[in-house]
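Engineer: One file is attached below, data_11.cif, containing mmCIF, C-alpha atoms.
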```cif
data_query
loop_
_atom_site.label_atom_id
_atom_site.label_comp_id
_atom_site.auth_asym_id
_atom_site.auth_seq_id
_atom_site.Cartn_x
_atom_site.Cartn_y
_atom_site.Cartn_z
CA MET A 1 116.20 152.59 80.36
CA HIS A 2 113.69 151.25 77.85
CA GLN A 3 110.18 151.05 79.31
CA ARG A 4 106.92 149.94 77.79
CA PRO A 5 103.33 150.36 78.92
CA PRO A 6 102.00 147.61 81.22
CA SER A 7 99.78 144.94 79.65
CA PHE A 8 97.34 142.27 80.78
CA PHE A 9 99.91 139.59 80.04
CA ASP A 10 102.81 140.83 82.17
CA ILE A 11 102.34 138.23 84.91
CA GLU A 12 101.94 135.39 82.41
CA ASN A 13 105.09 136.51 80.61
CA GLN A 14 107.04 136.64 83.86
CA LEU A 15 105.84 133.16 84.81
CA ASP A 16 106.86 131.83 81.40
CA LYS A 17 110.38 133.19 81.96
CA ILE A 18 110.51 131.70 85.46
CA TYR A 19 109.35 128.28 84.25
CA GLN A 20 111.90 128.30 81.44
CA LEU A 21 114.52 128.35 84.19
CA ASN A 22 112.79 125.81 86.46
CA ASN A 23 109.49 124.14 85.59
CA PHE A 24 109.25 121.77 88.58
CA LEU A 25 106.37 123.54 90.35
CA PRO A 26 103.99 123.62 87.35
CA GLN A 27 104.75 119.94 86.74
CA LEU A 28 104.08 119.17 90.39
CA LYS A 29 100.85 121.15 90.26
CA ALA A 30 99.64 119.40 87.11
CA LEU A 31 100.68 115.80 87.77
CA ILE A 32 99.76 115.22 91.43
CA PRO A 33 96.03 114.38 91.80
CA TRP A 34 95.52 116.81 94.67
CA GLU A 35 91.78 116.27 94.95
CA THR A 36 92.45 112.64 95.89
CA PHE A 37 93.65 113.82 99.30
CA ARG A 38 90.67 116.04 100.11
CA PRO A 39 88.62 113.40 101.99
CA ASP A 40 91.58 112.62 104.28
CA LEU A 41 92.50 116.25 104.84
CA HIS A 42 88.91 117.27 105.47
CA LYS A 43 88.91 115.19 108.66
CA ILE A 44 90.47 118.16 110.46
CA ARG A 45 87.24 120.11 109.99
CA GLY A 46 85.32 117.73 112.27
CA LYS A 47 81.69 118.68 112.59
CA GLU A 48 80.15 121.10 110.14
CA ARG A 49 80.12 124.74 111.16
CA LEU A 50 77.01 125.58 113.13
CA SER A 51 77.14 129.22 112.05
CA ASN A 52 78.20 131.13 108.97
CA ALA A 53 79.47 133.99 111.12
CA GLY A 54 83.13 134.95 110.81
CA ARG A 55 85.61 134.23 108.06
CA LYS A 56 85.43 130.77 106.53
CA PRO A 57 88.47 128.54 107.08
CA PHE A 58 91.01 128.24 104.28
CA ASP A 59 90.58 125.35 101.87
CA VAL A 60 92.31 122.22 103.17
CA LEU A 61 94.02 121.55 99.83
CA LEU A 62 95.39 125.09 99.75
CA MET A 63 96.83 124.64 103.24
CA PHE A 64 98.23 121.21 102.40
CA LYS A 65 99.96 122.54 99.28
CA ILE A 66 101.46 125.30 101.44
CA LEU A 67 102.95 122.61 103.71
CA VAL A 68 104.37 120.93 100.60
CA LEU A 69 106.08 124.21 99.61
CA LYS A 70 107.33 124.67 103.15
CA ASN A 71 108.85 121.19 103.12
CA LEU A 72 110.29 121.46 99.62
CA HIS A 73 112.27 124.54 100.57
CA ASN A 74 112.75 123.80 104.31
CA LEU A 75 111.16 127.10 105.32
CA SER A 76 109.93 128.36 108.66
CA ASP A 77 106.25 129.27 108.93
CA GLU A 78 107.11 132.98 108.82
CA GLU A 79 109.35 132.56 105.78
CA THR A 80 106.71 130.43 104.06
CA GLU A 81 104.18 133.26 104.41
CA ARG A 82 106.70 135.81 103.15
CA GLN A 83 107.67 133.71 100.14
CA ILE A 84 104.04 133.17 99.14
CA ARG A 85 103.47 136.92 99.24
CA ASP A 86 106.67 137.57 97.32
CA ARG A 87 106.97 134.86 94.68
CA LEU A 88 104.85 134.56 91.55
CA SER A 89 105.63 130.86 91.17
CA PHE A 90 104.36 130.10 94.70
CA ARG A 91 101.13 131.99 94.07
CA ASP A 92 100.64 130.23 90.76
CA PHE A 93 101.21 126.81 92.38
CA LEU A 94 98.60 127.68 95.03
CA ASP A 95 96.16 129.33 92.58
CA LEU A 96 96.24 132.53 94.62
CA ASN A 97 95.49 135.84 92.94
CA PHE A 98 96.91 139.09 94.28
CA SER A 99 93.48 139.93 95.68
CA ASP A 100 93.28 136.64 97.64
CA ILE A 101 94.05 136.46 101.35
CA VAL A 102 97.31 134.66 102.14
CA PRO A 103 97.31 132.44 105.26
CA ASP A 104 99.61 133.92 107.88
CA ALA A 105 102.38 132.06 109.72
CA LYS A 106 100.19 131.15 112.72
CA THR A 107 97.53 129.68 110.44
CA ILE A 108 100.16 127.61 108.63
CA TRP A 109 101.56 126.35 111.95
CA PHE A 110 98.10 125.52 113.30
CA PHE A 111 97.13 123.53 110.20
CA GLY A 112 100.29 121.44 110.52
CA GLU A 113 99.51 120.82 114.18
CA GLN A 114 95.99 119.68 113.28
CA LEU A 115 97.33 117.21 110.74
CA LYS A 116 99.90 115.95 113.25
CA ASP A 117 97.39 115.46 116.06
CA LEU A 118 95.17 113.33 113.80
CA GLY A 119 98.06 111.48 112.16
CA LEU A 120 96.81 112.52 108.74
CA GLU A 121 100.29 112.69 107.21
CA ARG A 122 100.28 108.88 107.33
CA ASP A 123 96.81 108.70 105.73
CA VAL A 124 97.88 110.97 102.88
CA PHE A 125 101.15 109.04 102.48
CA ASP A 126 99.26 105.74 102.18
CA ARG A 127 96.74 107.34 99.83
CA PHE A 128 99.48 108.40 97.44
CA ASN A 129 100.89 104.86 97.45
CA GLU A 130 97.46 103.75 96.23
CA VAL A 131 97.73 106.39 93.50
CA LEU A 132 101.15 105.04 92.51
CA ASP A 133 99.73 101.52 92.22
CA ALA A 134 96.87 102.78 90.06
CA LYS A 135 99.26 104.77 87.84
CA GLY A 136 101.32 101.68 87.00
CA PHE A 137 104.02 102.02 89.67
CA LYS A 138 102.98 99.09 91.83
CA ALA A 139 105.94 97.63 93.72
CA LYS A 140 106.75 94.39 91.88
CA SER A 141 110.48 94.15 92.58
CA GLY A 142 112.76 93.71 95.55
CA THR A 143 112.54 95.79 98.70
CA ILE A 144 115.28 97.88 100.32
CA VAL A 145 115.33 99.11 103.91
CA ASP A 146 117.77 101.69 105.22
CA GLY A 147 117.95 104.53 107.72
CA SER A 148 119.14 108.11 107.44
CA PHE A 149 119.89 110.66 110.15
CA VAL A 150 117.66 113.72 110.38
CA GLU A 151 119.45 116.24 112.56
CA VAL A 152 117.98 118.92 114.81
CA PRO A 153 119.72 121.86 116.53
CA LYS A 154 122.24 120.60 119.09
CA GLN A 155 121.31 121.06 122.75
CA ARG A 156 123.70 122.83 125.12
CA ASN A 157 123.10 120.69 128.20
CA THR A 158 125.45 119.68 130.99
CA LYS A 159 126.66 116.09 131.23
CA GLU A 160 124.37 115.50 134.22
CA GLU A 161 121.36 116.90 132.34
CA ASN A 162 122.07 114.66 129.36
CA GLU A 163 122.26 111.59 131.60
CA GLN A 164 118.88 112.41 133.11
CA ILE A 165 117.34 112.99 129.67
CA LYS A 166 118.65 109.60 128.49
CA LYS A 167 116.81 107.98 131.41
CA GLY A 168 113.59 109.68 130.36
CA GLU A 169 113.75 112.24 133.17
CA ILE A 170 113.38 116.01 132.85
CA PRO A 171 116.20 117.86 134.68
CA GLU A 172 114.98 120.25 137.36
CA SER A 173 116.94 123.06 135.70
CA LEU A 174 114.63 122.68 132.68
CA SER A 175 111.32 121.77 134.35
CA SER A 176 111.57 124.82 136.61
CA ASN A 177 111.66 127.10 133.56
CA PRO A 178 108.88 126.18 131.08
CA HIS A 179 110.12 128.74 128.54
CA VAL A 180 113.53 127.03 128.38
CA LEU A 181 111.97 123.54 128.41
CA SER A 182 109.74 124.40 125.43
CA GLN A 183 112.88 125.05 123.37
CA LYS A 184 114.67 121.86 124.45
CA ASP A 185 114.32 118.67 122.44
CA THR A 186 114.38 115.99 125.12
CA ASP A 187 113.41 113.22 122.68
CA ALA A 188 116.35 113.59 120.28
CA ARG A 189 119.48 111.54 120.97
CA TRP A 190 123.18 111.55 120.14
CA THR A 191 124.84 108.76 118.18
CA GLN A 192 128.02 108.16 116.22
CA LYS A 193 128.63 106.65 112.82
CA SER A 194 132.04 106.32 111.16
CA GLY A 195 133.51 108.70 113.75
CA THR A 196 130.94 111.43 113.11
CA SER A 197 128.45 112.49 115.81
CA TYR A 198 124.79 113.09 115.01
CA PHE A 199 121.99 114.55 117.13
CA GLY A 200 118.37 114.10 116.26
CA TYR A 201 116.26 111.37 114.71
CA LYS A 202 116.38 108.63 112.12
CA ASP A 203 114.16 108.03 109.12
CA HIS A 204 113.88 104.28 108.40
CA VAL A 205 112.42 103.78 104.93
CA LEU A 206 111.20 100.84 102.90
CA ALA A 207 111.79 101.49 99.20
CA ASP A 208 111.10 99.46 96.09
CA GLU A 209 114.06 98.49 93.96
CA GLU A 210 112.57 99.33 90.56
CA TYR A 211 111.02 102.80 90.94
CA LYS A 212 112.72 104.05 94.13
CA PHE A 213 109.51 105.14 95.83
CA ILE A 214 109.23 105.08 99.61
CA ARG A 215 106.54 102.51 100.41
CA ASP A 216 106.63 102.70 104.20
CA TYR A 217 108.70 104.28 106.96
CA ALA A 218 109.30 104.51 110.69
CA VAL A 219 110.80 107.36 112.73
CA THR A 220 112.96 106.84 115.83
CA ASP A 221 115.53 108.83 117.74
CA ALA A 222 119.03 108.70 116.27
CA SER A 223 120.38 106.22 118.83
CA VAL A 224 118.04 103.38 117.76
CA HIS A 225 119.91 100.76 115.75
CA ASP A 226 118.79 100.28 112.14
CA SER A 227 117.88 96.65 112.78
CA VAL A 228 115.22 97.48 115.41
CA PRO A 229 112.47 98.85 113.09
CA TYR A 230 113.59 96.77 110.08
CA LEU A 231 110.87 94.13 110.25
CA SER A 232 108.18 96.62 111.28
CA VAL A 233 108.35 98.48 107.94
CA LEU A 234 108.34 95.28 105.85
CA PRO A 235 104.93 93.91 104.85
CA GLU A 236 103.88 90.82 106.79
CA ARG A 237 103.88 88.80 103.58
CA ALA A 238 106.05 89.15 100.48
CA ALA A 239 104.27 90.41 97.37
CA TYR A 240 105.43 87.33 95.46
CA ALA A 241 107.43 84.18 96.12
CA ASP A 242 111.06 84.83 97.06
CA GLN A 243 110.76 88.61 96.80
CA GLU A 244 114.24 89.91 97.54
CA ALA A 245 114.77 91.91 100.73
CA PHE A 246 117.94 94.01 100.58
CA GLY A 247 119.79 95.68 103.43
CA ASP A 248 123.29 96.58 104.51
CA SER A 249 125.28 94.65 107.12
CA ALA A 250 123.54 96.51 109.98
CA TYR A 251 120.55 94.23 109.46
CA VAL A 252 122.43 90.92 109.46
CA GLY A 253 121.37 88.32 112.01
CA GLU A 254 119.93 84.82 112.22
CA ASP A 255 116.65 86.00 113.76
CA THR A 256 116.13 88.55 111.00
CA GLU A 257 116.91 86.03 108.27
CA SER A 258 114.55 83.46 109.79
CA GLU A 259 111.72 85.99 109.98
CA LEU A 260 112.31 87.10 106.38
CA LEU A 261 112.08 83.49 105.21
CA ARG A 262 108.90 82.99 107.24
CA ARG A 263 107.31 85.96 105.51
CA GLY A 264 108.29 84.64 102.07
CA TYR A 265 111.25 86.95 101.38
CA LEU A 266 114.63 85.97 99.97
CA PRO A 267 117.18 87.57 102.35
CA MET A 268 119.73 89.71 100.49
CA ILE A 269 121.46 91.26 103.50
CA CYS A 270 125.12 92.18 103.12
CA GLU A 271 127.33 90.02 105.30
CA LYS A 272 130.07 91.42 107.50
CA GLY A 273 133.35 90.01 108.68
CA TYR A 274 134.45 89.59 112.27
CA ARG A 275 137.75 89.44 114.06
CA ASN A 276 139.50 86.18 113.16
CA LYS A 277 136.68 85.44 110.72
CA PRO A 278 137.05 87.71 107.68
CA LEU A 279 134.75 87.50 104.69
CA THR A 280 135.60 84.97 102.03
CA GLU A 281 136.11 86.07 98.44
CA GLU A 282 132.76 84.53 97.57
CA GLN A 283 131.05 86.55 100.31
CA LYS A 284 132.77 89.73 99.12
CA THR A 285 131.56 89.07 95.57
CA MET A 286 128.00 88.51 96.80
CA ASN A 287 128.15 91.70 98.89
CA ARG A 288 129.14 93.69 95.83
CA THR A 289 126.21 92.21 93.89
CA LYS A 290 123.78 93.04 96.72
CA SER A 291 125.24 96.52 97.20
CA LYS A 292 124.70 97.46 93.55
CA ILE A 293 120.96 97.23 94.21
CA ARG A 294 120.90 98.22 97.89
CA CYS A 295 122.68 101.52 97.11
CA ARG A 296 119.59 102.70 95.21
CA VAL A 297 118.12 103.75 98.56
CA GLU A 298 121.04 106.15 98.95
CA HIS A 299 119.77 107.99 95.88
CA ILE A 300 116.54 108.60 97.80
CA PHE A 301 118.30 110.11 100.81
CA GLY A 302 120.58 112.11 98.54
CA MET A 303 117.63 113.65 96.70
CA MET A 304 115.87 114.46 99.96
CA LYS A 305 118.95 116.25 101.28
CA VAL A 306 119.28 118.23 98.04
CA ARG A 307 115.62 119.25 98.20
CA CYS A 308 115.88 120.28 101.85
CA ARG A 309 119.33 121.82 101.34
CA ASP A 310 120.70 119.45 104.00
CA GLU A 311 119.41 121.77 106.71
CA LEU A 312 118.22 120.91 110.22
CA LEU A 313 114.69 119.76 110.94
CA ARG A 314 112.53 122.67 112.09
CA SER A 315 110.67 121.01 114.97
CA ILE A 316 111.06 119.94 118.59
CA GLY A 317 110.15 116.51 119.95
CA LEU A 318 109.62 113.04 118.50
CA GLU A 319 105.94 113.56 117.69
CA ARG A 320 106.57 116.62 115.53
CA ALA A 321 109.72 115.06 114.05
CA ALA A 322 107.71 112.00 113.00
CA PHE A 323 105.12 114.26 111.38
CA TRP A 324 107.56 116.40 109.40
CA ILE A 325 109.73 113.44 108.40
CA GLY A 326 106.56 111.74 107.17
CA VAL A 327 105.70 114.83 105.13
CA ARG A 328 109.26 114.88 103.80
CA ASN A 329 108.94 111.25 102.67
CA LEU A 330 105.64 112.05 100.96
CA VAL A 331 107.06 115.11 99.20
CA TYR A 332 110.00 113.00 98.02
CA ASN A 333 107.49 110.57 96.47
CA PHE A 334 105.76 113.52 94.79
CA SER A 335 109.09 114.66 93.36
CA ARG A 336 110.03 111.16 92.25
CA PHE A 337 106.67 110.75 90.52
CA VAL A 338 107.21 114.02 88.62
CA SER A 339 110.71 112.88 87.68
CA LEU A 340 109.46 109.59 86.25
CA LYS A 341 106.52 111.19 84.41
CA CYS A 342 108.63 114.08 83.03
CA PRO A 343 112.14 112.73 82.45
CA LYS A 344 114.76 115.29 81.56
CA PRO A 345 115.77 115.21 77.88
CA ALA A 346 119.17 113.71 77.16
CA LYS A 347 121.87 116.27 76.46
#
```
Would you write out, as structure tokens, the structure that this file holds?

Structural biologist:
Amino acid sequence: MHQRPPSFFDIENQLDKIYQLNNFLPQLKALIPWETFRPDLHKIRGKERLSNAGRKPFDVLLMFKILVLKNLHNLSDEETERQIRDRLSFRDFLDLNFSDIVPDAKTIWFFGEQLKDLGLERDVFDRFNEVLDAKGFKAKSGTIVDGSFVEVPKQRNTKEENEQIKKGEIPESLSSNPHVLSQKDTDARWTQKSGTSYFGYKDHVLADEEYKFIRDYAVTDASVHDSVPYLSVLPERAAYADQEAFGDSAYVGEDTESELLRRGYLPMICEKGYRNKPLTEEQKTMNRTKSKIRCRVEHIFGMMKVRCRDELLRSIGLERAAFWIGVRNLVYNFSRFVSLKCPKPAK
């Protein structure tokens, strides 16, 4: 085997080779204005330290970028720590030298919990939407609302236990054993769509038609109908006169249409046929026109599933699910921003 003496440039050369294969992380590192989020993230520090004793806490931006990596690759806290220690590209993204201390799994978990408890994922999400507006990606086109299932590990409960959980009660078999209860997601719900059963939560997103950024979102359990949070994620007033509001047939209804008109939107909801009242050819033609634009939101969910490898959400309970789904929506926007700023060359 041919060997050569080590040099000062070995790490740089290895990174160059890695980034020739996939240069997403350096683009993400360079294009996202990370310092913009520092004031929001620094809220977790609360009051200034009264003493300089002990090790100083890790930088909030470092910890936040670790959560971004965790979400991008759908990793557990333990696996996130291991990957940072093992991968050159992760260390380069985080600006960690080999002599630097790597946050352990418990520290990563605790930082996420701090953000969740203060609702800072929403603050950072809104902050990045301000960045998008400033960078020339202000939403000036139609809006699209849709929901996507976010599954969690299925619970092995009895029929009686499931009935109690649906009523908001905690079965005695679970409450009597706190160790079992801590591993049971009593907020997630079952639902069916097109004959397929899903267990978990639902991510309801508001996206803009032109750039396909997520502008707002709401998180519910999977059993909540798409139409319930529809109006809550739409701005109270349209950005301009007759701004189009797209949605599939799940959102159809006179009350919804009336409220959209009151807010200044032009309803573009796909119509659906009923027994003994099928759609006319004109309605079918209009549905196809609406669907050509509405389907752009499916590209968002498709990209998110590819990024997260279509794996289950790694959390228990609605509060944590809302936090991690919010982070997932934010990371999608990061990825979309990189994609628009660094388009792939045509083959």

Engineer: Taking a cut-off of 9 Å and counting only C-alpha atoms, can you build a table that, for each residue of stretch 138-166 of chain A near stretch 289-301 of chain A, reports the nearest atom pair and how far apart they are in Å (one decimal), sorted by chain then residue number, as JSON lines?

Structural biologist:
```
{"residue": "A:Thr143", "atom": "CA", "partner": "A:Arg294", "partner_atom": "CA", "distance": 8.7}
{"residue": "A:Ile144", "atom": "CA", "partner": "A:Arg294", "partner_atom": "CA", "distance": 6.1}
{"residue": "A:Val145", "atom": "CA", "partner": "A:Val297", "partner_atom": "CA", "distance": 7.6}
{"residue": "A:Asp146", "atom": "CA", "partner": "A:Val297", "partner_atom": "CA", "distance": 7.0}
{"residue": "A:Gly147", "atom": "CA", "partner": "A:Phe301", "partner_atom": "CA", "distance": 8.9}
{"residue": "A:Ser148", "atom": "CA", "partner": "A:Phe301", "partner_atom": "CA", "distance": 7.0}
```

Engineer: Just so the selection is clear, what residues does the PyMOL selection byres ((chain A and resi 215) around 9) cover here, as a PyMOL selection string?

Structural biologist: chain A and resi 125-126+129+139+205-208+212-214+216-217+233

Engineer: Kindly export the residues of the current selection with C-alpha atoms, as a CSV table (one decimal), in the coordinates of the input.

Structural biologist:
```csv
chain,number,residue,atom,x,y,z
A,125,PHE,CA,101.2,109.0,102.5
A,126,ASP,CA,99.3,105.7,102.2
A,129,ASN,CA,100.9,104.9,97.4
A,139,ALA,CA,105.9,97.6,93.7
A,205,VAL,CA,112.4,103.8,104.9
A,206,LEU,CA,111.2,100.8,102.9
A,207,ALA,CA,111.8,101.5,99.2
A,208,ASP,CA,111.1,99.5,96.1
A,212,LYS,CA,112.7,104.0,94.1
A,213,PHE,CA,109.5,105.1,95.8
A,214,ILE,CA,109.2,105.1,99.6
A,216,ASP,CA,106.6,102.7,104.2
A,217,TYR,CA,108.7,104.3,107.0
A,233,VAL,CA,108.4,98.5,107.9
```

Engineer: Taking (107.7, 112.0, 113.1) as a centre in this file's frame and 12 Å as the limit, can you find every polymer residue with an atom that close, using all atoms listed in the file, and give them as a VMD selection string?

Structural biologist: chain A and resid 115 to 117 119 to 122 150 187 to 188 200 to 204 217 to 221 313 to 329

Engineer: Near A:Trp190, counting all atoms listed in the file, which residues have an atom at most 7 Å away, once you skip same-chain residues fewer than 2 positions from it, shown as a CSV table (one decimal) with C-alpha atoms, in the coordinates of the input?

Structural biologist:
```
chain,number,residue,atom,x,y,z
A,197,SER,CA,128.4,112.5,115.8
A,198,TYR,CA,124.8,113.1,115.0
A,199,PHE,CA,122.0,114.6,117.1
A,200,GLY,CA,118.4,114.1,116.3
A,222,ALA,CA,119.0,108.7,116.3
A,223,SER,CA,120.4,106.2,118.8
```

Engineer: What does the structure give for the distance between atom CA of A:Val331 and atom CA of A:Gln114, in Å to one decimal?

Structural biologist: 18.5 Å

Engineer: In Å, how far is it from atom CA of A:Thr196 to atom CA of A:Ser232?

Structural biologist: 27.2 Å

Engineer: Write out as a count of residues only the residues lying within 9 Å of A:Ile32, counting only C-alpha atoms and excluding same-chain residues fewer than 5 positions away.

Structural biologist: 4

Engineer: Once 8 Å is added on each side, what are the centre and the three edge lengths, in Å to one decimal, of the axis-aligned box enclosing the listed atoms of stretch 39-46 of chain A? Present them as JSON.

Structural biologist:
```
{"center_x": 88.9, "center_y": 116.4, "center_z": 107.1, "size_x": 23.2, "size_y": 23.5, "size_z": 26.3}
```

Engineer: Quick one: of A:Arg127, A:Lys138, A:Lys70, A:His225, who's nearest to A:Tyr211, counting only C-alpha atoms?

Structural biologist: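 Among the listed residues, A:Lys138 lies closest to A:Tyr211.
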
Engineer: Which is closest to A:Ile101 among A:Glu12, A:Glu78, A:Glu254, A:Asp59, if we use all atoms listed in the file?

Structural biologist: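 Looking at the shortest contact to A:Ile101, the residue is A:Asp59.
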
Engineer: Please enumerate the residues selected by the PyMOL selection byres ((chain A and resi 273) around 12) when evaluated against the supplied file, formatted as a PDB file with C-alpha atoms, keeping the file's coordinate frame.

Structural biologist:
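Result saved to selection_37.pdb:
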```pdb
ATOM      1  CA  SER A 249     125.280  94.650 107.120  1.00  0.00           C
ATOM      2  CA  ALA A 250     123.540  96.510 109.980  1.00  0.00           C
ATOM      3  CA  VAL A 252     122.430  90.920 109.460  1.00  0.00           C
ATOM      4  CA  CYS A 270     125.120  92.180 103.120  1.00  0.00           C
ATOM      5  CA  GLU A 271     127.330  90.020 105.300  1.00  0.00           C
ATOM      6  CA  LYS A 272     130.070  91.420 107.500  1.00  0.00           C
ATOM      7  CA  TYR A 274     134.450  89.590 112.270  1.00  0.00           C
ATOM      8  CA  ARG A 275     137.750  89.440 114.060  1.00  0.00           C
ATOM      9  CA  ASN A 276     139.500  86.180 113.160  1.00  0.00           C
ATOM     10  CA  LYS A 277     136.680  85.440 110.720  1.00  0.00           C
ATOM     11  CA  PRO A 278     137.050  87.710 107.680  1.00  0.00           C
ATOM     12  CA  LEU A 279     134.750  87.500 104.690  1.00  0.00           C
ATOM     13  CA  THR A 280     135.600  84.970 102.030  1.00  0.00           C
ATOM     14  CA  GLU A 281     136.110  86.070  98.440  1.00  0.00           C
ATOM     15  CA  GLN A 283     131.050  86.550 100.310  1.00  0.00           C
ATOM     16  CA  LYS A 284     132.770  89.730  99.120  1.00  0.00           C
ATOM     17  CA  ASN A 287     128.150  91.700  98.890  1.00  0.00           C
TER      18      ASN A 287
END
```

Engineer: Pick the closest to A:Ile269 from A:Glu130, A:Asp248, A:Asp226, A:Asp40: which is it, counting all atoms listed in the file?

Structural biologist: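 For A:Ile269, the nearest of the given residues is A:Asp248.
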
Engineer: Of the candidates A:Glu236, A:Asp185, A:Asp100, A:Glu79, which shows the shortest atom-to-atom distance to A:Asn162, using all atoms listed in the file?

Structural biologist: A:Asp185

Engineer: For A:Arg156, which of A:Arg85, A:His42, A:Lys184, A:Arg262 is the closest residue, counting only C-alpha atoms?

Structural biologist: A:Lys184

Engineer: Can you list what the PyMOL selection byres ((chain A and resi 64) around 12) grabs from this structure, as an NGL selection string?

Structural biologist: :A and (34-35 or 37-38 or 40-42 or 44 or 58-63 or 65-71 or 93-94 or 103 or 107-115 or 120-121 or 124 or 327 or 330-331)
